[in-house]
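Trainee: The structure file my_file.cif (mmCIF, C-alpha atoms and all ligand atoms) is provided below.
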```cif
data_query
loop_
_atom_site.label_atom_id
_atom_site.label_comp_id
_atom_site.auth_asym_id
_atom_site.auth_seq_id
_atom_site.Cartn_x
_atom_site.Cartn_y
_atom_site.Cartn_z
CA MET A 76 97.11 -61.01 -19.28
CA LYS A 77 93.41 -61.48 -18.59
CA ARG A 78 90.51 -59.41 -19.87
CA ILE A 79 87.52 -58.57 -17.64
CA GLU A 80 84.27 -56.80 -18.56
CA ALA A 81 82.74 -53.96 -16.54
CA ASN A 82 79.13 -53.51 -17.67
CA ALA A 83 76.94 -50.45 -17.22
CA LYS A 84 73.64 -50.11 -15.34
CA ILE A 85 70.42 -48.16 -15.65
CA ASN A 86 68.19 -46.98 -12.82
CA ILE A 87 64.52 -47.93 -13.34
CA GLY A 88 62.94 -45.54 -10.84
CA LEU A 89 64.90 -43.57 -8.25
CA ASN A 90 63.44 -42.09 -5.05
CA ILE A 91 65.49 -40.05 -2.60
CA LEU A 92 64.23 -40.61 0.97
CA GLU A 93 66.28 -38.12 2.97
CA LYS A 94 69.57 -36.29 3.28
CA LEU A 95 71.85 -37.99 5.82
CA PRO A 96 74.19 -36.25 8.32
CA SER A 97 77.08 -37.46 6.13
CA GLY A 98 75.78 -35.31 3.27
CA TYR A 99 74.85 -38.42 1.28
CA HIS A 100 71.19 -39.28 0.58
CA SER A 101 69.26 -42.44 1.43
CA LEU A 102 67.59 -43.97 -1.60
CA ASP A 103 64.97 -46.44 -2.78
CA MET A 104 65.62 -47.40 -6.40
CA VAL A 105 65.82 -50.24 -8.92
CA MET A 106 69.11 -50.91 -10.75
CA ALA A 107 69.61 -53.28 -13.68
CA PRO A 108 72.88 -54.35 -15.34
CA ILE A 109 72.99 -53.87 -19.13
CA SER A 110 75.31 -55.15 -21.87
CA LEU A 111 77.21 -51.91 -22.67
CA ALA A 112 80.60 -52.51 -21.03
CA ASP A 113 84.15 -51.31 -20.53
CA GLU A 114 87.00 -53.79 -20.91
CA ILE A 115 89.88 -54.00 -18.45
CA GLU A 116 93.07 -55.87 -19.42
CA VAL A 117 94.85 -56.99 -16.25
CA GLU A 118 98.47 -58.17 -16.07
CA TYR A 119 100.20 -59.20 -12.81
CA THR A 120 103.90 -58.56 -13.45
CA GLY A 121 105.07 -60.81 -10.61
CA ARG A 122 106.74 -57.95 -8.73
CA ARG A 123 105.34 -57.40 -5.24
CA GLY A 124 106.00 -55.46 -2.02
CA GLU A 125 108.16 -52.31 -1.85
CA GLY A 126 107.80 -50.22 -5.03
CA ALA A 127 105.03 -52.36 -6.53
CA ASP A 128 102.18 -50.23 -7.85
CA LEU A 129 99.17 -50.12 -10.18
CA ILE A 130 100.05 -48.83 -13.65
CA ILE A 131 96.96 -47.64 -15.55
CA THR A 132 96.69 -46.87 -19.26
CA THR A 133 93.45 -46.08 -21.06
CA ASN A 134 92.11 -45.27 -24.54
CA LYS A 135 90.40 -42.05 -23.35
CA SER A 136 92.52 -38.96 -22.72
CA ASP A 137 89.96 -37.35 -20.37
CA ILE A 138 90.03 -40.20 -17.85
CA PRO A 139 92.66 -39.87 -15.06
CA THR A 140 95.32 -42.64 -15.01
CA GLY A 141 96.85 -41.87 -11.64
CA GLU A 142 95.43 -41.91 -8.12
CA GLY A 143 92.30 -40.16 -9.40
CA ASN A 144 91.18 -43.26 -11.24
CA ILE A 145 88.60 -45.35 -9.39
CA LEU A 146 90.72 -48.44 -10.18
CA TYR A 147 93.59 -46.91 -8.21
CA LYS A 148 91.32 -46.03 -5.26
CA VAL A 149 90.10 -49.64 -5.15
CA TYR A 150 93.70 -50.99 -5.45
CA ARG A 151 94.93 -48.83 -2.57
CA ALA A 152 91.92 -49.59 -0.35
CA TYR A 153 92.23 -53.35 -1.00
CA TYR A 154 95.87 -53.60 0.08
CA GLU A 155 95.32 -51.30 3.05
CA LYS A 156 92.40 -53.47 4.22
CA THR A 157 94.11 -56.84 3.69
CA ASN A 158 97.66 -55.83 4.71
CA LEU A 159 98.93 -58.03 1.86
CA PRO A 160 102.14 -56.97 0.07
CA ARG A 161 101.02 -54.96 -2.99
CA GLU A 162 101.15 -56.79 -6.31
CA GLU A 163 102.48 -54.77 -9.23
CA ILE A 164 99.64 -54.76 -11.77
CA ARG A 165 99.36 -53.21 -15.23
CA VAL A 166 95.80 -52.44 -16.33
CA HIS A 167 94.68 -51.16 -19.71
CA LEU A 168 91.19 -49.66 -19.49
CA ILE A 169 89.18 -49.69 -22.72
CA LYS A 170 86.35 -47.24 -22.03
CA LYS A 171 83.06 -47.76 -23.85
CA ILE A 172 80.68 -46.50 -21.16
CA PRO A 173 80.41 -42.70 -21.38
CA HIS A 174 81.26 -40.95 -18.09
CA GLU A 175 79.06 -38.50 -16.16
CA ALA A 176 76.29 -40.37 -17.93
CA GLY A 177 74.32 -41.98 -15.09
CA LEU A 178 75.45 -45.42 -16.29
CA GLY A 179 77.83 -46.21 -13.43
CA GLY A 180 80.89 -46.38 -15.68
CA GLY A 181 83.59 -45.56 -13.14
CA SER A 182 81.89 -47.53 -10.36
CA SER A 183 81.53 -50.56 -12.63
CA ASP A 184 85.25 -50.51 -13.40
CA GLY A 185 85.89 -50.30 -9.66
CA GLY A 186 83.53 -53.18 -8.87
CA ALA A 187 84.88 -55.46 -11.60
CA PHE A 188 88.50 -54.77 -10.59
CA LEU A 189 87.75 -55.33 -6.88
CA ARG A 190 86.15 -58.69 -7.69
CA GLU A 191 89.20 -59.62 -9.81
CA LEU A 192 91.70 -58.54 -7.13
CA ASN A 193 89.87 -60.51 -4.46
CA LYS A 194 89.69 -63.58 -6.70
CA TYR A 195 93.45 -63.34 -7.35
CA HIS A 196 93.97 -63.31 -3.58
CA ASN A 197 91.82 -66.44 -3.01
CA ASN A 198 88.66 -64.52 -2.06
CA LEU A 199 90.28 -63.23 1.09
CA LEU A 200 87.50 -60.64 1.65
CA SER A 201 83.81 -61.50 2.04
CA LEU A 202 81.17 -59.74 -0.07
CA GLU A 203 80.18 -57.67 2.99
CA GLU A 204 83.81 -56.58 3.52
CA MET A 205 84.09 -55.58 -0.16
CA VAL A 206 80.80 -53.63 0.03
CA ASP A 207 82.04 -51.85 3.13
CA LEU A 208 85.42 -51.09 1.55
CA SER A 209 83.98 -49.76 -1.73
CA LYS A 210 80.80 -47.82 -0.92
CA GLY A 211 82.84 -44.77 0.12
CA ILE A 212 84.81 -44.88 -3.16
CA GLY A 213 81.69 -45.03 -5.37
CA ALA A 214 78.14 -45.44 -4.07
CA ASP A 215 77.32 -47.63 -7.09
CA ILE A 216 80.28 -50.00 -6.62
CA PRO A 217 78.39 -52.36 -4.22
CA PHE A 218 75.74 -52.89 -6.91
CA PHE A 219 78.43 -54.02 -9.38
CA LEU A 220 79.78 -56.52 -6.83
CA ILE A 221 76.37 -58.27 -7.10
CA ASN A 222 75.76 -57.21 -10.73
CA ARG A 223 72.14 -58.47 -10.91
CA CYS A 224 68.83 -56.59 -11.07
CA CYS A 225 68.37 -55.20 -7.56
CA ARG A 226 66.27 -52.97 -5.36
CA ALA A 227 68.86 -50.67 -3.76
CA LYS A 228 68.48 -48.78 -0.48
CA GLY A 229 70.81 -47.02 1.95
CA ILE A 230 73.23 -44.90 -0.08
CA GLY A 231 73.15 -47.71 -2.63
CA GLU A 232 74.80 -50.49 -0.61
CA LYS A 233 71.70 -52.25 0.75
CA LEU A 234 70.88 -54.54 -2.15
CA GLU A 235 68.07 -57.05 -2.67
CA VAL A 236 68.23 -59.15 -5.85
CA VAL A 237 64.90 -59.03 -7.73
CA GLU A 238 63.53 -60.82 -10.81
CA ASN A 239 63.70 -59.07 -14.18
CA ASN A 240 61.76 -61.04 -16.80
CA LEU A 241 61.18 -58.08 -19.13
CA GLU A 242 61.39 -59.32 -22.73
CA CYS A 243 62.71 -56.09 -24.17
CA GLU A 244 65.88 -54.26 -25.14
CA VAL A 245 67.24 -50.99 -23.81
CA ILE A 246 68.10 -48.04 -26.05
CA LEU A 247 70.33 -45.37 -24.50
CA VAL A 248 70.56 -41.80 -25.80
CA LYS A 249 73.51 -39.92 -24.30
CA PRO A 250 73.73 -36.18 -25.14
CA ARG A 251 77.11 -34.50 -25.56
CA PHE A 252 77.01 -32.88 -22.09
CA GLY A 253 77.47 -34.79 -18.83
CA VAL A 254 76.10 -34.35 -15.32
CA SER A 255 78.02 -34.98 -12.09
CA ALA A 256 76.18 -36.97 -9.40
CA GLY A 257 77.14 -34.30 -6.85
CA GLU A 258 75.36 -31.59 -8.84
CA ALA A 259 72.24 -33.75 -9.27
CA TYR A 260 71.99 -34.51 -5.54
CA ALA A 261 72.63 -30.91 -4.57
CA ASN A 262 69.50 -29.91 -6.49
CA PHE A 263 67.20 -32.31 -4.66
CA SER A 264 66.70 -30.00 -1.68
CA ARG A 265 65.15 -27.39 -4.03
CA LEU A 266 62.31 -29.78 -4.92
CA LYS A 267 59.03 -28.69 -3.27
CA LYS A 268 56.85 -31.69 -4.26
CA PRO A 269 58.97 -34.54 -5.60
CA LYS A 270 56.98 -37.11 -7.59
CA ALA A 271 57.85 -40.60 -6.37
CA ALA A 272 58.48 -43.65 -8.53
CA GLY A 273 56.12 -46.60 -7.87
CA ILE A 274 58.94 -48.99 -6.88
CA GLU A 275 56.62 -51.87 -5.90
CA LYS A 276 54.74 -51.56 -9.23
CA ILE A 277 58.04 -51.48 -11.13
CA LEU A 278 59.20 -54.66 -9.36
CA THR A 279 55.91 -56.46 -10.14
CA GLY A 280 56.10 -55.29 -13.75
CA LEU A 281 59.69 -56.57 -14.08
CA LYS A 282 58.74 -59.92 -12.56
CA GLU A 283 55.61 -60.35 -14.70
CA ASN A 284 57.12 -58.92 -17.92
CA ASN A 285 54.50 -56.15 -17.87
CA ILE A 286 56.35 -53.38 -19.71
CA SER A 287 53.52 -50.83 -19.57
CA ASN A 288 53.20 -51.12 -15.77
CA VAL A 289 56.95 -50.51 -15.49
CA LEU A 290 56.92 -47.52 -17.86
CA CYS A 291 54.02 -45.76 -16.13
CA SER A 292 55.63 -46.09 -12.67
CA ILE A 293 59.12 -44.69 -13.38
CA GLU A 294 60.12 -41.37 -11.81
CA ASN A 295 63.58 -40.04 -10.94
CA HIS A 296 63.98 -37.49 -8.13
CA LEU A 297 67.44 -36.54 -9.40
CA GLU A 298 66.02 -35.61 -12.81
CA GLN A 299 63.24 -33.56 -11.18
CA GLY A 300 65.86 -31.61 -9.23
CA LEU A 301 68.05 -31.04 -12.30
CA ILE A 302 65.10 -29.76 -14.34
CA LEU A 303 64.81 -26.83 -11.91
CA THR A 304 68.23 -25.43 -12.81
CA ASN A 305 70.05 -27.42 -15.50
CA GLY A 306 69.30 -25.88 -18.90
CA ASP A 307 70.99 -28.73 -20.80
CA ILE A 308 68.76 -31.37 -19.19
CA ASN A 309 65.68 -29.19 -19.70
CA GLU A 310 66.41 -28.69 -23.38
CA PHE A 311 67.27 -32.34 -23.98
CA LYS A 312 64.13 -33.59 -22.24
CA ASP A 313 61.97 -31.27 -24.38
CA ARG A 314 63.78 -32.52 -27.47
CA LEU A 315 63.06 -36.15 -26.54
CA LEU A 316 59.39 -35.31 -26.03
CA THR A 317 59.00 -33.48 -29.36
CA VAL A 318 60.98 -35.71 -31.76
CA SER A 319 59.56 -39.01 -30.59
CA ASP A 320 56.36 -40.32 -29.07
CA MET A 321 58.40 -42.86 -27.11
CA LYS A 322 58.79 -42.63 -23.32
CA PHE A 323 62.33 -41.74 -22.18
CA PHE A 324 63.66 -41.82 -18.62
CA MET A 325 66.86 -40.40 -17.14
CA SER A 326 69.19 -42.98 -15.66
CA GLY A 327 70.75 -42.20 -12.28
CA SER A 328 72.18 -38.70 -12.10
CA GLY A 329 72.12 -38.37 -15.89
CA SER A 330 72.76 -37.27 -18.56
CA THR A 331 71.74 -40.49 -20.39
CA TYR A 332 68.06 -41.15 -21.11
CA PHE A 333 66.78 -44.64 -21.91
CA THR A 334 63.71 -46.25 -23.39
CA LEU A 335 62.55 -49.88 -23.30
CA VAL A 336 61.54 -51.51 -26.60
CA LYS A 337 60.11 -54.89 -27.50
CA ARG A 338 62.73 -57.15 -29.11
CA ASN A 339 60.95 -57.45 -32.49
CA ILE A 340 61.15 -53.67 -33.14
CA ALA A 341 64.43 -52.95 -31.31
CA GLN A 342 66.71 -52.84 -34.35
CA GLU A 343 64.47 -50.54 -36.41
CA THR A 344 63.79 -48.26 -33.41
CA TYR A 345 67.55 -48.08 -32.77
CA LYS A 346 68.18 -47.04 -36.39
CA THR A 347 65.43 -44.41 -36.20
CA LEU A 348 66.80 -42.92 -32.98
CA LYS A 349 70.38 -42.93 -34.30
CA ASN A 350 69.08 -40.86 -37.21
CA LEU A 351 67.06 -38.50 -35.01
CA PHE A 352 69.95 -37.99 -32.53
CA LYS A 353 73.03 -37.78 -34.76
CA ASP A 354 74.76 -35.48 -32.21
CA CYS A 355 74.31 -38.02 -29.39
CA GLU A 356 75.74 -41.44 -28.52
CA VAL A 357 72.95 -43.97 -29.12
CA TYR A 358 73.36 -47.57 -27.86
CA LEU A 359 71.18 -50.65 -28.26
CA CYS A 360 71.72 -52.89 -25.22
CA ASN A 361 70.13 -55.87 -23.55
CA PHE A 362 69.53 -56.57 -19.89
CA LEU A 363 72.14 -58.95 -18.45
C1 LIG A 401 72.97 -41.61 -8.90
C2 LIG A 401 73.47 -43.00 -8.69
O1 LIG A 401 74.33 -43.36 -9.77
C3 LIG A 401 72.30 -43.96 -8.63
O2 LIG A 401 72.67 -45.24 -8.96
C4 LIG A 401 74.29 -43.07 -7.41
O3 LIG A 401 73.53 -42.67 -6.30
C5 LIG A 401 75.53 -42.16 -7.46
O4 LIG A 401 76.61 -43.04 -7.47
P1 LIG A 401 78.08 -42.48 -7.78
O5 LIG A 401 78.06 -41.63 -9.00
O6 LIG A 401 79.01 -43.64 -7.68
O7 LIG A 401 78.26 -41.50 -6.53
P2 LIG A 401 79.60 -41.18 -5.78
O8 LIG A 401 80.69 -40.92 -6.79
O9 LIG A 401 79.80 -42.15 -4.69
O10 LIG A 401 79.16 -39.79 -5.07
C6 LIG A 401 79.20 -38.58 -5.81
C7 LIG A 401 78.42 -37.56 -5.00
O11 LIG A 401 77.02 -37.86 -5.13
C8 LIG A 401 76.35 -37.58 -3.90
N1 LIG A 401 75.67 -38.80 -3.44
C9 LIG A 401 75.97 -40.03 -3.96
C10 LIG A 401 75.24 -41.12 -3.54
C11 LIG A 401 74.23 -40.95 -2.58
N2 LIG A 401 73.50 -42.00 -2.13
N3 LIG A 401 73.97 -39.72 -2.06
C12 LIG A 401 74.67 -38.64 -2.48
O12 LIG A 401 74.41 -37.52 -2.01
C13 LIG A 401 77.41 -37.08 -2.94
O13 LIG A 401 77.44 -35.68 -3.04
C14 LIG A 401 78.69 -37.65 -3.52
O14 LIG A 401 79.82 -36.86 -3.17
N1 LIG A 402 87.63 -45.82 -14.37
C1 LIG A 402 87.00 -44.67 -14.61
N2 LIG A 402 86.10 -44.56 -15.59
C2 LIG A 402 85.44 -43.38 -15.80
N3 LIG A 402 85.64 -42.25 -15.10
C3 LIG A 402 86.55 -42.32 -14.12
C4 LIG A 402 87.27 -43.51 -13.83
N4 LIG A 402 88.09 -43.25 -12.80
C5 LIG A 402 87.90 -41.98 -12.44
N5 LIG A 402 86.99 -41.38 -13.24
C6 LIG A 402 86.52 -40.00 -13.09
O1 LIG A 402 85.28 -40.11 -12.36
C7 LIG A 402 84.27 -39.32 -12.99
C8 LIG A 402 82.97 -40.02 -12.82
O2 LIG A 402 83.02 -41.15 -13.64
P1 LIG A 402 81.65 -41.87 -14.01
O3 LIG A 402 80.62 -40.81 -14.18
O4 LIG A 402 81.87 -42.86 -15.11
O5 LIG A 402 81.44 -42.69 -12.70
P2 LIG A 402 80.13 -43.09 -11.99
O6 LIG A 402 79.89 -42.06 -10.97
O7 LIG A 402 80.28 -44.49 -11.58
O8 LIG A 402 79.01 -43.03 -13.11
P3 LIG A 402 77.76 -42.09 -13.24
O9 LIG A 402 77.79 -41.08 -12.11
O10 LIG A 402 77.98 -41.46 -14.59
O11 LIG A 402 76.60 -43.00 -13.17
C9 LIG A 402 84.69 -39.18 -14.44
O12 LIG A 402 84.24 -37.94 -14.94
C10 LIG A 402 86.22 -39.29 -14.40
O13 LIG A 402 86.80 -38.01 -14.35
#
```
Would you kindly transcribe this structure into structure tokens?
Ligand SMILES: C[C@](O)(CO)[C@H](O)COP(=O)(O)OP(=O)(O)OC[C@H]1O[C@@H](n2ccc(N)nc2=O)[C@H](O)[C@@H]1O
Ligand SMILES: Nc1ncnc2c1ncn2[C@@H]1O[C@H](COP(=O)(O)OP(=O)(O)OP(=O)(O)O)[C@@H](O)[C@H]1O
Mentor:
Amino acid sequence: MKRIEANAKINIGLNILEKLPSGYHSLDMVMAPISLADEIEVEYTGRRGEGADLIITTNKSDIPTGEGNILYKVYRAYYEKTNLPREEIRVHLIKKIPHEAGLGGGSSDGGAFLRELNKYHNNLLSLEEMVDLSKGIGADIPFFLINRCCRAKGIGEKLEVVENNLECEVILVKPRFGVSAGEAYANFSRLKKPKAAGIEKILTGLKENNISNVLCSIENHLEQGLILTNGDINEFKDRLLTVSDMKFFMSGSGSTYFTLVKRNIAQETYKTLKNLFKDCEVYLCNFL
């Protein structure tokens, strides 16, 4: 049995460019891998071919363990693409990344498992082939195949690795409710004057470790759309503004908000926020 990690991500600025004929949206955003991670225990039983399948168990009862799990979708797509006889594999998924949280939890599991499967089969598929195979399963999966700080375009599959020299930690505050990516995107069309993130300024700030330039350039079109109709997000954002003078930003399609803190005050800030948000999941993470 081998154990692989599937880390989360945050979006540092997210602009939606347009709605595509496919119904998806083209994006310009920055994504960064962070240390919060799921664990996936993988065991190849040795059985292959007819009757071999993927057997999933997990520690969370509200995560599907059949064909609805992103791991299963990746497994099926991999063997269809390669025409290899299916290996029987048992996976135990230890979830630590909250779902419907804007942290890429399911997609990260899919990306980590796809990398593992391909490695087991002597890297039969190229990175481009894995991106192509996975982007339709989860638009964030291609990012996790690279798993470095990136500027992401397209629907999330056009990735350019960028430098992240920020000397700070990331504190996540995840409220009890979740948000589905589909709902967040559906709201975008209601936005009359979306406020764009300064992506170039964010990239320069990351490269030069200029935290204030990063913080003052972050916007998220998905959050702006949700604020128009999602009472939970509205309430939570107000709460963040009133109980703390820190700047919080929604990651991806939400519901998690994050703030960036200098390393020397990270622990005490984490303790303060855990106290202020007892009804939320609060995580202290570092950039990977
Ligand atoms: C919000 C982000 O997490 C930013 O990193 C991603 O864009 C969303 O990634 P994801 O949750 O893996 O998204 P998927 O599960 O592939 O898609 C869920 C739904 O989000 C919408 N969707 C997703 C990605 C995209 N570029 N445009 C979209 O419109 C589609 O309605 C899609 O049916
Ligand atoms: N391995 C998995 N981990 C988490 N959720 C999964 C998984 N497989 C399928 N799901 C289902 O997919 C839904 C979306 O999962 P999740 O939100 O973690 O994925 P994501 O789209 O990559 O992340 P997010 O949209 O939160 O950034 C979950 O609500 C769950 O029902």
Trainee: I want to know what sits within 10 Å of stretch 107-112 of chain A, based on only C-alpha atoms, with residues of the same chain fewer than 6 positions away left out; could you give that as number ranges by chain?
Mentor: A: 79-87, 169-173, 178-180, 183-184, 218-219, 221-226, 236-237, 239, 244-245, 247, 358-363
Trainee: With all atoms of ligand LIG 402 (chain A) from the file as input, state the centre and edge lengths in Å to one decimal of the axis-aligned box that has 6 Å extra on each side, as JSON.
Mentor:
```
{"center_x": 82.3, "center_y": -41.9, "center_z": -13.4, "size_x": 23.5, "size_y": 19.9, "size_z": 16.8}
```
Trainee: With distances taken over all atoms listed in the file, which of A:Leu208, A:Ile274, A:Cys291, A:Ile138 is nearest to ligand LIG 402 (chain A)?
Mentor: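 Closest to ligand LIG 402 (chain A), using all atoms listed in the file: A:Ile138.
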Trainee: Around ligand LIG 401 (chain A), at most 6 Å away and counting all atoms listed in the file, which residues are there? Put them as number ranges by chain, please.
Mentor: A: 98-101, 177, 179, 182, 212-215, 230-231, 256-257, 260, 327-328
Trainee: Can you spit out the residues from that selection as a PDB file, in the frame of the given file, using C-alpha atoms?
Mentor:
```pdb
ATOM      1  CA  GLY A  98      75.780 -35.310   3.270  1.00  0.00           C
ATOM      2  CA  TYR A  99      74.850 -38.420   1.280  1.00  0.00           C
ATOM      3  CA  HIS A 100      71.190 -39.280   0.580  1.00  0.00           C
ATOM      4  CA  SER A 101      69.260 -42.440   1.430  1.00  0.00           C
ATOM      5  CA  GLY A 177      74.320 -41.980 -15.090  1.00  0.00           C
ATOM      6  CA  GLY A 179      77.830 -46.210 -13.430  1.00  0.00           C
ATOM      7  CA  SER A 182      81.890 -47.530 -10.360  1.00  0.00           C
ATOM      8  CA  ILE A 212      84.810 -44.880  -3.160  1.00  0.00           C
ATOM      9  CA  GLY A 213      81.690 -45.030  -5.370  1.00  0.00           C
ATOM     10  CA  ALA A 214      78.140 -45.440  -4.070  1.00  0.00           C
ATOM     11  CA  ASP A 215      77.320 -47.630  -7.090  1.00  0.00           C
ATOM     12  CA  ILE A 230      73.230 -44.900  -0.080  1.00  0.00           C
ATOM     13  CA  GLY A 231      73.150 -47.710  -2.630  1.00  0.00           C
ATOM     14  CA  ALA A 256      76.180 -36.970  -9.400  1.00  0.00           C
ATOM     15  CA  GLY A 257      77.140 -34.300  -6.850  1.00  0.00           C
ATOM     16  CA  TYR A 260      71.990 -34.510  -5.540  1.00  0.00           C
ATOM     17  CA  GLY A 327      70.750 -42.200 -12.280  1.00  0.00           C
ATOM     18  CA  SER A 328      72.180 -38.700 -12.100  1.00  0.00           C
TER      19      SER A 328
END
```
Trainee: I want to know what sits within 10 Å of A:Asn288, based on only C-alpha atoms, with residues of the same chain fewer than 2 positions away left out; could you give that as a list in words?
Mentor: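 Using only C-alpha atoms, the neighbours found are Gly273, Lys276, Ile277, Leu278, Thr279, Gly280, Leu281, Glu283, Asn284, Asn285, Ile286, Leu290, Cys291, Ser292 and Ile293 of chain A.
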Trainee: Could you check which of A:Lys135, A:Arg161, A:His174, A:Arg151 is closest to ligand LIG 402 (chain A), using only C-alpha atoms and all ligand atoms?
Mentor: A:His174
Trainee: For atom CA of A:Met205 and atom CA of A:Lys228, quote the distance in Å rounded to one decimal.
Mentor: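 Distance reported for this atom pair: 17.0 Å.
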Trainee: Atom O7 of ligand LIG 402 (chain A) and atom CA of A:Ala259 are how many Å apart?
Mentor: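 Interatomic distance, atom O7 of ligand LIG 402 (chain A) to atom CA of A:Ala259: 13.6 Å.
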Trainee: Determine the nearest neighbour of A:Ile164 from the options A:Ala176, A:Leu241, A:Met76, A:Leu199, counting only C-alpha atoms.
Mentor: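 Residue with the minimum atom-to-atom distance to A:Ile164: A:Met76.
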Trainee: Quick one: of A:Ile131, A:Leu89, A:Met325, A:Leu266, who's nearest to A:Leu303, counting only C-alpha atoms?
Mentor: A:Leu266
Trainee: Using only C-alpha atoms, determine which residues lie at most 12 Å from A:Ser264, disregarding the query and same-chain residues fewer than 5 positions distant; provide the list as a list of chain:residue names.
Mentor: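 Residues near the query, excluding close chain neighbours: A:Ile91, A:Leu92, A:Glu93, A:Lys94, A:Gly98, A:His100, A:Glu258, A:Ala259, A:Pro269, A:His296, A:Leu297, A:Gln299, A:Gly300, A:Leu301, A:Leu303.
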